[in-house]
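K.L.:
The following file, input01.cif, comprises mmCIF, C-alpha atoms:
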data_coords
loop_
_atom_site.label_atom_id
_atom_site.label_comp_id
_atom_site.auth_asym_id
_atom_site.auth_seq_id
_atom_site.Cartn_x
_atom_site.Cartn_y
_atom_site.Cartn_z
CA MET A 1455 -25.84 41.01 -36.51
CA TYR A 1456 -22.82 43.12 -35.70
CA ALA A 1457 -20.63 41.68 -32.98
CA SER A 1458 -17.23 42.23 -31.49
CA GLU A 1459 -15.27 41.19 -28.43
CA ASN A 1460 -16.98 44.00 -26.52
CA TRP A 1461 -20.33 42.28 -26.85
CA VAL A 1462 -19.32 38.68 -26.20
CA ILE A 1463 -18.18 37.62 -22.74
CA GLN A 1464 -17.52 34.06 -21.57
CA ALA A 1465 -16.83 33.43 -17.90
CA TYR A 1466 -16.17 30.19 -16.02
CA GLY A 1467 -16.96 28.23 -19.17
CA GLY A 1468 -20.42 29.83 -19.26
CA ILE A 1469 -22.56 30.64 -22.27
CA VAL A 1470 -22.17 33.57 -24.61
CA MET A 1471 -23.97 36.68 -23.35
CA ALA A 1472 -27.70 35.87 -23.38
CA PHE A 1473 -29.24 38.81 -25.20
CA GLU A 1474 -31.00 37.29 -28.18
CA LEU A 1475 -33.99 34.98 -28.07
CA PRO A 1476 -32.07 31.76 -28.89
CA ASP A 1477 -29.54 32.51 -26.14
CA LEU A 1478 -32.30 33.26 -23.63
CA ARG A 1479 -34.08 30.04 -24.57
CA GLU A 1480 -30.88 28.08 -23.96
CA LEU A 1481 -30.32 29.78 -20.62
CA ALA A 1482 -33.94 29.07 -19.59
CA THR A 1483 -33.20 25.35 -19.76
CA PHE A 1484 -30.17 25.60 -17.47
CA GLY A 1485 -30.97 23.49 -14.41
CA ASP A 1486 -30.57 20.11 -12.75
CA ASP A 1487 -32.58 17.60 -10.72
CA VAL A 1488 -32.31 19.67 -7.53
CA GLY A 1489 -32.39 23.25 -8.73
CA VAL A 1490 -30.40 26.37 -9.61
CA VAL A 1491 -29.23 29.17 -7.35
CA SER A 1492 -29.65 32.52 -9.15
CA LEU A 1493 -27.84 35.59 -7.85
CA TYR A 1494 -28.20 39.14 -9.20
CA THR A 1495 -26.36 42.27 -8.18
CA THR A 1496 -25.97 45.81 -9.50
CA MET A 1497 -22.66 47.52 -8.86
CA GLU A 1498 -22.47 51.09 -7.59
CA PRO A 1499 -18.97 52.40 -8.37
CA GLY A 1500 -17.25 54.02 -5.40
CA THR A 1501 -19.49 52.49 -2.71
CA THR A 1502 -19.90 49.20 -0.86
CA ALA A 1503 -23.68 49.52 -0.45
CA TRP A 1504 -24.34 47.23 -3.42
CA GLN A 1505 -22.16 44.50 -1.95
CA VAL A 1506 -24.03 44.77 1.36
CA ARG A 1507 -27.38 44.47 -0.44
CA ALA A 1508 -26.20 41.39 -2.32
CA ARG A 1509 -24.94 39.76 0.86
CA ASN A 1510 -28.25 40.56 2.56
CA GLU A 1511 -30.12 38.82 -0.27
CA ILE A 1512 -27.92 35.73 0.11
CA ALA A 1513 -28.41 35.77 3.88
CA ALA A 1514 -32.19 35.96 3.37
CA LEU A 1515 -32.02 32.94 1.05
CA ARG A 1516 -30.05 31.04 3.70
CA ARG A 1517 -32.71 31.87 6.31
CA ASP A 1518 -35.49 30.71 4.00
CA LEU A 1519 -33.64 27.46 3.39
CA ALA A 1520 -33.15 26.90 7.12
CA ARG A 1521 -36.95 27.01 7.49
CA HIS A 1522 -37.63 24.90 4.40
CA VAL A 1523 -39.84 21.84 4.91
CA ASP A 1524 -37.50 19.71 2.80
CA LYS A 1525 -34.48 19.48 5.11
CA ASP A 1526 -32.45 17.39 2.69
CA LEU A 1527 -32.92 19.95 -0.08
CA ALA A 1528 -32.01 22.78 2.27
CA LYS A 1529 -28.85 21.00 3.36
CA LEU A 1530 -27.75 20.49 -0.25
CA VAL A 1531 -28.33 24.12 -1.23
CA LEU A 1532 -26.65 25.54 1.87
CA ALA A 1533 -23.61 23.37 1.22
CA ARG A 1534 -23.58 24.53 -2.41
CA LEU A 1535 -23.65 28.17 -1.30
CA ASP A 1536 -20.59 27.51 0.85
CA VAL A 1537 -18.73 26.03 -2.13
CA LEU A 1538 -19.77 29.02 -4.27
CA GLU A 1539 -18.18 31.60 -1.96
CA PRO A 1540 -15.12 32.21 -4.21
CA ARG A 1541 -17.43 32.72 -7.17
CA ILE A 1542 -19.65 35.04 -5.13
CA ASP A 1543 -16.60 37.05 -4.06
CA GLN A 1544 -15.66 37.46 -7.70
CA LEU A 1545 -19.22 38.45 -8.61
CA LEU A 1546 -18.99 41.21 -5.98
CA ASN A 1547 -15.51 42.33 -6.96
CA PRO A 1548 -15.74 45.98 -8.08
CA THR A 1549 -12.87 45.48 -10.54
CA GLU A 1550 -14.82 42.87 -12.51
CA PRO A 1551 -16.73 44.07 -15.63
CA GLY A 1552 -20.39 44.93 -15.73
CA LEU A 1553 -22.80 47.22 -13.95
CA GLY A 1554 -25.36 44.41 -13.69
CA ARG A 1555 -24.14 40.88 -12.90
CA ALA A 1556 -25.76 37.48 -12.62
CA LEU A 1557 -24.60 34.06 -11.45
CA PHE A 1558 -26.47 30.79 -12.05
CA ALA A 1559 -25.21 27.66 -10.29
CA GLN A 1560 -26.48 24.10 -10.38
CA VAL A 1561 -27.07 22.62 -6.95
CA ALA A 1562 -26.48 18.95 -7.73
CA GLY A 1563 -24.11 19.63 -10.64
CA ASP A 1564 -20.90 21.62 -10.88
CA GLU A 1565 -21.75 24.02 -13.70
CA VAL A 1566 -21.78 27.74 -13.00
CA ARG A 1567 -22.67 30.45 -15.51
CA THR A 1568 -22.01 34.13 -15.01
CA LEU A 1569 -23.18 37.03 -17.15
CA TRP A 1570 -22.76 40.78 -17.06
CA VAL A 1571 -24.47 43.69 -18.73
CA GLN A 1572 -23.85 47.42 -18.51
CA LEU A 1573 -27.37 47.98 -17.15
CA PRO A 1574 -28.92 47.58 -13.68
CA VAL A 1575 -30.44 44.17 -12.87
CA GLY A 1576 -31.41 44.69 -9.23
CA ASP A 1577 -30.30 42.54 -6.29
CA LEU A 1578 -31.72 39.08 -5.74
CA ALA A 1579 -30.90 35.56 -4.50
CA VAL A 1580 -33.37 32.74 -5.21
CA LEU A 1581 -33.56 28.98 -5.65
CA GLU A 1582 -35.50 27.80 -8.71
CA PRO A 1583 -35.64 24.64 -10.85
CA ASN A 1584 -33.95 26.63 -13.65
CA ALA A 1585 -32.08 29.91 -14.02
CA TYR A 1586 -34.31 32.75 -12.78
CA LEU A 1587 -34.50 35.11 -15.77
CA ARG A 1588 -36.99 37.87 -15.06
CA PRO A 1589 -34.41 40.50 -13.98
CA TRP A 1590 -32.19 39.64 -16.94
CA VAL A 1591 -35.02 39.79 -19.50
CA THR A 1592 -36.12 43.16 -18.10
CA ALA A 1593 -32.62 44.60 -18.39
CA VAL A 1594 -32.12 43.26 -21.91
CA GLU A 1595 -35.40 44.83 -23.02
CA GLU A 1596 -34.24 48.24 -21.80
CA GLY A 1597 -30.99 48.00 -23.72
CA ALA A 1598 -32.20 46.68 -27.08
CA PRO A 1599 -29.90 47.48 -30.04
CA ALA A 1600 -30.21 50.98 -31.49
CA GLY A 1601 -28.09 53.27 -33.61
CA VAL A 1602 -27.02 56.90 -33.51
CA VAL A 1603 -26.34 58.48 -36.90
CA MET A 1604 -24.61 61.87 -36.61
CA VAL A 1605 -24.67 63.94 -39.80
CA GLY A 1606 -22.12 66.68 -40.37
CA ARG A 1607 -20.25 68.40 -43.17
CA ASP A 1608 -17.46 65.87 -42.89
CA GLY A 1609 -19.82 62.92 -43.36
CA VAL A 1610 -21.83 60.49 -41.25
CA ARG A 1611 -20.68 59.10 -37.91
CA LEU A 1612 -22.29 55.85 -36.70
CA VAL A 1613 -22.49 54.57 -33.13
CA ASP A 1614 -23.92 51.15 -32.31
CA CYS A 1615 -25.67 51.06 -28.90
CA ARG A 1616 -26.76 47.85 -27.19
CA TYR A 1617 -27.25 46.62 -23.66
CA GLY A 1618 -25.63 49.66 -22.05
CA LEU A 1619 -22.54 49.64 -24.29
CA ALA A 1620 -21.66 51.73 -27.31
CA GLU A 1621 -19.16 51.21 -30.12
CA GLU A 1622 -18.06 53.36 -33.03
CA LEU A 1623 -18.66 51.91 -36.48
CA GLU A 1624 -16.81 52.77 -39.66
CA PRO A 1625 -17.80 56.34 -40.58
CA ILE A 1626 -19.06 57.29 -44.03
CA GLY A 1627 -16.94 60.23 -45.18
CA PHE A 1628 -18.23 63.19 -47.17
CA ASP A 1629 -16.12 62.80 -50.29
CA LEU A 1630 -15.33 66.40 -51.14
CA ASP A 1631 -12.17 67.38 -53.03
CA THR A 1632 -11.32 70.39 -50.87
CA GLU A 1633 -8.52 71.61 -53.15
CA ASP A 1634 -10.84 71.56 -56.15
CA TRP A 1635 -13.55 73.35 -54.21
CA ARG A 1636 -11.05 75.90 -52.91
CA ARG A 1637 -10.03 76.75 -56.47
CA LYS A 1638 -13.68 77.16 -57.44
CA ARG A 1639 -14.27 79.32 -54.41
CA GLY A 1640 -11.51 81.77 -55.31
CA PRO A 1641 -9.19 83.71 -52.96
CA ALA A 1642 -10.35 84.26 -49.41
CA THR A 1643 -8.81 87.69 -48.92
CA PRO A 1644 -10.33 89.78 -46.08
CA GLY A 1645 -11.93 93.08 -46.96
CA LEU A 1646 -12.87 92.23 -50.53
CA SER A 1647 -15.91 93.60 -52.31
CA ARG A 1648 -19.50 92.44 -52.20
CA ARG A 1649 -18.66 90.23 -55.16
CA ALA A 1650 -16.26 88.23 -52.97
CA VAL A 1651 -18.94 87.81 -50.29
CA ASP A 1652 -21.43 86.59 -52.90
CA GLN A 1653 -18.85 84.18 -54.22
CA HIS A 1654 -18.35 82.80 -50.71
CA ASP A 1655 -22.13 82.36 -50.27
CA ARG A 1656 -22.38 80.53 -53.58
CA PHE A 1657 -19.52 78.32 -52.51
CA GLU A 1658 -21.33 77.44 -49.26
CA GLN A 1659 -24.56 76.80 -51.16
CA ARG A 1660 -22.81 74.47 -53.56
CA ILE A 1661 -21.33 72.53 -50.63
CA ASP A 1662 -24.83 72.17 -49.13
CA GLU A 1663 -26.17 70.93 -52.46
CA HIS A 1664 -23.32 68.45 -52.74
CA LEU A 1665 -23.99 67.28 -49.15
CA ILE A 1666 -27.68 66.70 -49.92
CA ARG A 1667 -26.79 64.55 -52.92
CA PHE A 1668 -24.24 62.71 -50.78
CA LEU A 1669 -26.83 61.96 -48.04
CA ARG A 1670 -29.33 60.61 -50.55
CA THR A 1671 -26.61 58.39 -51.95
CA VAL A 1672 -25.47 57.01 -48.58
CA ALA A 1673 -28.98 56.46 -47.15
CA PRO A 1674 -29.01 52.80 -48.34
CA ARG A 1675 -25.65 52.23 -46.61
CA VAL A 1676 -27.00 53.62 -43.35
CA ALA A 1677 -30.10 51.45 -43.73
CA GLU A 1678 -27.85 48.44 -44.33
CA GLN A 1679 -26.04 49.12 -41.05
CA ALA A 1680 -29.38 49.43 -39.24
CA GLU A 1681 -30.56 46.13 -40.68
CA GLY A 1682 -27.31 44.28 -40.13
CA ASN A 1683 -27.00 45.45 -36.54
CA ASP A 1684 -30.70 44.79 -35.81
CA TRP A 1685 -31.26 48.36 -34.62
CA GLN A 1686 -34.73 48.67 -33.13
CA ALA A 1687 -34.46 52.45 -33.40
CA VAL A 1688 -32.33 54.84 -35.43
CA LEU A 1689 -31.62 58.34 -34.15
CA LEU A 1690 -30.52 60.91 -36.75
CA ALA A 1691 -28.70 63.84 -35.16
CA GLY A 1692 -27.45 67.04 -36.78
CA ASP A 1693 -28.65 70.05 -38.71
CA PRO A 1694 -32.36 69.45 -39.51
CA ARG A 1695 -31.76 70.34 -43.15
CA ALA A 1696 -29.40 67.37 -43.38
CA THR A 1697 -31.24 64.88 -41.13
CA ASP A 1698 -34.51 65.59 -42.96
CA VAL A 1699 -32.89 64.60 -46.25
CA LEU A 1700 -31.36 61.42 -44.80
CA GLY A 1701 -34.56 60.49 -42.96
CA GLU A 1702 -36.68 60.85 -46.10
CA ALA A 1703 -34.24 58.69 -48.07
CA MET A 1704 -34.13 55.94 -45.42
CA PRO A 1705 -36.34 52.90 -46.06
CA MET A 1706 -39.32 52.57 -43.75
CA GLY A 1707 -39.71 49.70 -41.31
CA ARG A 1708 -38.09 50.75 -38.04
CA ASP A 1709 -38.34 53.67 -35.61
CA THR A 1710 -36.42 56.62 -37.06
CA VAL A 1711 -36.18 59.72 -34.91
CA LEU A 1712 -34.79 63.11 -35.90
CA LEU A 1713 -32.87 64.84 -33.10
CA ASP A 1714 -32.53 68.57 -33.67
CA ALA A 1715 -29.12 68.79 -32.05
CA ILE A 1716 -25.48 68.81 -33.08
CA ILE A 1717 -23.66 66.18 -31.01
CA ASP A 1718 -20.14 67.23 -30.11
CA PRO A 1719 -17.83 65.20 -32.40
CA ALA A 1720 -15.34 64.97 -29.52
CA LEU A 1721 -17.73 62.83 -27.46
CA SER A 1722 -16.77 59.19 -27.03
CA PRO A 1723 -19.29 56.47 -27.99
CA ALA A 1724 -20.17 55.99 -24.30
CA GLU A 1725 -20.77 59.74 -23.92
CA VAL A 1726 -22.91 59.74 -27.06
CA LEU A 1727 -25.03 56.95 -25.59
CA ALA A 1728 -25.44 58.82 -22.30
CA TYR A 1729 -26.55 61.93 -24.22
CA VAL A 1730 -29.19 60.15 -26.32
CA ARG A 1731 -30.40 57.60 -23.75
CA PRO A 1732 -33.47 59.72 -22.74
CA THR A 1733 -34.50 59.88 -26.40
CA PHE A 1734 -34.18 56.11 -26.79
CA THR A 1735 -36.30 55.69 -23.65
CA GLU A 1736 -39.01 57.88 -25.19
CA VAL A 1737 -38.90 55.86 -28.41
CA ARG A 1738 -39.24 52.59 -26.50
CA THR A 1739 -42.16 53.95 -24.47
CA ARG A 1740 -44.03 54.99 -27.63
CA ARG A 1741 -43.32 51.66 -29.30
CA ASP A 1742 -44.48 49.66 -26.27
CA ALA A 1743 -47.61 51.76 -25.89
CA ALA A 1744 -48.40 51.05 -29.55
CA LEU A 1745 -47.99 47.30 -28.89
CA VAL A 1746 -50.40 47.52 -25.96
CA GLU A 1747 -52.94 49.40 -28.06
CA ARG A 1748 -52.62 46.87 -30.87
CA ALA A 1749 -53.15 43.94 -28.49
CA ARG A 1750 -56.18 45.69 -27.03
CA GLU A 1751 -57.74 46.41 -30.42
CA LEU A 1752 -57.19 42.84 -31.64
CA ALA A 1753 -58.58 41.32 -28.45
CA LEU A 1754 -61.70 43.52 -28.40
CA SER A 1755 -62.37 42.88 -32.10
CA GLY A 1756 -62.02 39.10 -31.78
CA GLY A 1757 -58.66 39.07 -33.56
CA ASN A 1758 -55.26 37.64 -32.64
CA GLY A 1759 -54.91 39.30 -29.27
CA VAL A 1760 -55.77 38.53 -25.64
CA LEU A 1761 -55.95 40.62 -22.48
CA GLY A 1762 -55.59 39.61 -18.85
CA LEU A 1763 -53.86 36.86 -16.92
CA GLY A 1764 -56.31 34.01 -17.44
CA ASP A 1765 -56.57 34.13 -21.24
CA THR A 1766 -52.88 34.91 -21.69
CA LEU A 1767 -51.82 31.92 -19.56
CA ALA A 1768 -54.07 29.63 -21.56
CA MET A 1769 -52.63 30.86 -24.87
CA LEU A 1770 -49.07 30.55 -23.54
CA ARG A 1771 -49.63 26.93 -22.58
CA ALA A 1772 -51.05 26.25 -26.04
CA GLY A 1773 -47.98 27.80 -27.72
CA ARG A 1774 -50.12 30.35 -29.52
CA VAL A 1775 -48.48 33.55 -28.23
CA GLU A 1776 -46.28 35.44 -30.68
CA HIS A 1777 -45.47 38.38 -28.39
CA LEU A 1778 -46.01 38.48 -24.61
CA LEU A 1779 -46.50 41.89 -22.96
CA LEU A 1780 -45.89 42.12 -19.20
CA ASP A 1781 -45.79 45.03 -16.78
CA ALA A 1782 -42.15 45.05 -15.64
CA ALA A 1783 -43.31 45.96 -12.13
CA GLY A 1784 -46.21 43.49 -12.08
CA GLU A 1785 -46.64 40.90 -9.35
CA TRP A 1786 -48.66 37.80 -10.11
CA LYS A 1787 -49.27 35.01 -7.62
CA ALA A 1788 -51.29 31.80 -7.75
CA ALA A 1789 -54.19 33.47 -5.93
CA THR A 1790 -54.27 36.21 -8.57
CA ALA A 1791 -54.55 33.63 -11.30
CA VAL A 1792 -57.36 31.87 -9.44
CA ASP A 1793 -59.33 35.10 -9.48
CA ALA A 1794 -58.57 35.37 -13.20
CA GLY A 1795 -60.11 31.98 -13.86
CA ALA A 1796 -56.88 30.08 -14.50
CA ALA A 1797 -56.52 28.18 -11.25
CA PRO A 1798 -55.37 24.77 -12.58
CA ILE A 1799 -52.76 26.31 -14.86
CA ALA A 1800 -51.53 28.76 -12.24
CA ALA A 1801 -51.26 26.13 -9.52
CA GLU A 1802 -49.29 23.83 -11.79
CA LEU A 1803 -46.90 26.60 -12.84
CA VAL A 1804 -46.26 27.94 -9.35
CA GLU A 1805 -45.49 24.44 -8.07
CA GLU A 1806 -42.56 24.38 -10.51
CA GLY A 1807 -40.68 27.07 -8.57
CA THR A 1808 -39.99 28.33 -5.08
CA THR A 1809 -40.56 32.07 -5.50
CA ASP A 1810 -44.30 31.90 -6.30
CA ASP A 1811 -43.58 34.35 -9.13
CA LEU A 1812 -46.05 33.68 -11.89
CA GLY A 1813 -44.33 36.33 -13.99
CA GLU A 1814 -41.20 34.19 -14.12
CA ARG A 1815 -43.28 31.17 -15.11
CA MET A 1816 -44.86 33.13 -17.96
CA ILE A 1817 -41.44 34.25 -19.22
CA GLU A 1818 -40.18 30.64 -19.14
CA LEU A 1819 -43.22 29.45 -21.06
CA ALA A 1820 -42.74 32.20 -23.61
CA LEU A 1821 -39.08 31.32 -24.16
CA GLU A 1822 -39.96 27.63 -24.44
CA HIS A 1823 -42.20 28.46 -27.40
CA ALA A 1824 -39.82 31.00 -29.00
CA THR A 1825 -42.16 33.81 -28.01
CA ARG A 1826 -40.87 37.36 -27.82
CA VAL A 1827 -41.23 38.99 -24.40
CA THR A 1828 -41.55 42.73 -23.79
CA MET A 1829 -41.35 44.01 -20.22
CA LEU A 1830 -43.35 47.24 -20.22
CA GLY A 1831 -42.27 50.41 -18.48
CA PRO A 1832 -44.71 52.39 -16.29
CA GLU A 1833 -46.22 54.55 -19.04
CA ALA A 1834 -46.88 51.74 -21.49
CA ALA A 1835 -48.02 49.38 -18.72
CA ALA A 1836 -50.65 51.91 -17.63
CA GLY A 1837 -52.62 50.88 -20.72
CA LEU A 1838 -53.00 47.39 -19.19
CA ALA A 1839 -53.86 48.47 -15.64
CA GLN A 1840 -57.42 47.15 -15.94
CA GLU A 1841 -56.12 43.82 -17.29
CA GLY A 1842 -53.59 43.18 -14.53
CA GLY A 1843 -50.61 44.22 -16.62
CA VAL A 1844 -50.78 41.24 -18.99
CA ALA A 1845 -51.57 40.95 -22.71
CA ALA A 1846 -50.39 39.06 -25.79
CA LEU A 1847 -50.35 39.12 -29.56
CA LEU A 1848 -51.18 35.69 -30.96
CA ARG A 1849 -49.79 33.62 -33.82
CA TRP A 1850 -53.23 32.43 -34.81
#
Show this structure as structure tokens.
P.N.:
Amino acid sequence: MYASENWVIQAYGGIVMAFELPDLRELATFGDDVGVVSLYTTMEPGTTAWQVRARNEIAALRRDLARHVDKDLAKLVLARLDVLEPRIDQLLNPTEPGLGRALFAQVAGDEVRTLWVQLPVGDLAVLEPNAYLRPWVTAVEEGAPAGVVMVGRDGVRLVDCRYGLAEELEPIGFDLDTEDWRRKRGPATPGLSRRAVDQHDRFEQRIDEHLIRFLRTVAPRVAEQAEGNDWQAVLLAGDPRATDVLGEAMPMGRDTVLLDAIIDPALSPAEVLAYVRPTFTEVRTRRDAALVERARELALSGGNGVLGLGDTLAMLRAGRVEHLLLDAAGEWKAATAVDAGAAPIAAELVEEGTTDDLGERMIELALEHATRVTMLGPEAAAGLAQEGGVAALLRW
């Protein structure tokens, strides 16, 4: 995978940015004998409202702890929050990097891990046995790696987009000997005869033909970048005559979208990402809807798929889930699982945490078994409305 200093951030001795499955699995095990305080905040440049929301979440956690039945536990956590104040101030410092920020702190231990991502993560303060990951996993899903390939007469421009950030890659130049072509074109004197106009048209046609051959030649190089950077989607932008050629020459296997638009070459990588973000959202929605439909078809045909909370929980506990599909806005409690016929499992899982969030428990189980998790947006999740927003593709 492509990486640079822009993608890798270490803070307070914490882990490398947890975007990939192995990193998320490692973060899911971060805890101690007492628990972990997890704080999330999303910065709003130019305002203080986000800081107020974060402080309100922390104040609500303090109130919950003051009413906690385990007074010794509450005392430990409240004292830990006091010690964490300098770290919390830094988390809420508008000059620090990251639109979305997270802090995970051991209660009994001294270790603190902070992460940032250039995507919103909400505002939250909770106490859990381990790092609370649901907001982070949701944000990561929305910013999965993708590439923008801009085709023009000067060559191919590549922009790598991931987790709200964008970076320019080495362009692939259109190798045209302009002096040689100029000689073949002949003099460009205004007011010449029809013959001169025809010569100019032939010159332009020959350039187009050369460009087509060039695009067919470089298609494997573009595909290599897509593979090496783990792009989940590739967007080809430019004149349709050129993007059609490149798209046809690209190997199959990942979402490739043709955008009938010329992107201003003066745009920075961040501006390119902002321009194409709606298209990437559409691609993700279609892909997630296809996953839902596949899980449904497999489940209804007796294949490797399950629908609903009860069956999915059972398969998660057995380590049989290859890909977990959850409604990003779904709320699952122990009582919901009881109605779904999974009372013993649900009760055991909920007892492991203090938020009564069965969705978090399912994510932790999935990461424990190296299971991929997809948090579904509203349109894709609508396909699971009758199943409580839960489904899975199975390993066997």
K.L.:
If you measure from CA of His1823 in chain A to CA of Leu1779 in chain A, what distance in Å do you get, rounded to one decimal?
P.N.:
14.8 Å
K.L.:
Name the residues captured by the PyMOL selection byres ((chain A and resi 1485) around 7) when it is applied to the shown file; answer as a PyMOL selection string.
P.N.:
chain A and resi 1483-1484+1486+1489-1490+1560+1583-1585
K.L.:
Where does the PyMOL selection byres ((chain A and resi 1829-1836) around 7) land in this file, that is, which residues does it pick, as a ChimeraX atom specification?
P.N.:
/A:1592,1595,1739,1742-1743,1779-1782,1827-1828,1837-1839,1843
K.L.:
For the structure shown, which residues end up in the PyMOL selection byres ((chain A and resi 1607-1610) around 7)? Put them as a list in words, please?
P.N.:
Val1603, Met1604, Val1605, Gly1606, Arg1611, Leu1612, Pro1625, Ile1626, Gly1627 and Phe1628 of chain A
K.L.:
May I ask for the distance between CA of Ile1666 in chain A and CA of Arg1695 in chain A, given in Å to one decimal place?
P.N.:
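Result for CA of Ile1666 in chain A versus CA of Arg1695 in chain A: 8.7 Å, one decimal.
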K.L.:
For Val1575 in chain A, which residue among A:Ala1744, A:Leu1763, A:Val1688, A:Val1591 is the nearest when counting all atoms listed in the file?
P.N.:
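Among A:Ala1744, A:Leu1763, A:Val1688, A:Val1591, it is A:Val1591 that comes nearest to Val1575 in chain A.
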K.L.:
Between A:Val1561, A:Leu1713, A:Leu1581, A:Leu1475, single out the one closest to Asp1536 in chain A, counting all atoms listed in the file.
P.N.:
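Using all atoms listed in the file, Asp1536 in chain A sits closest to A:Val1561.
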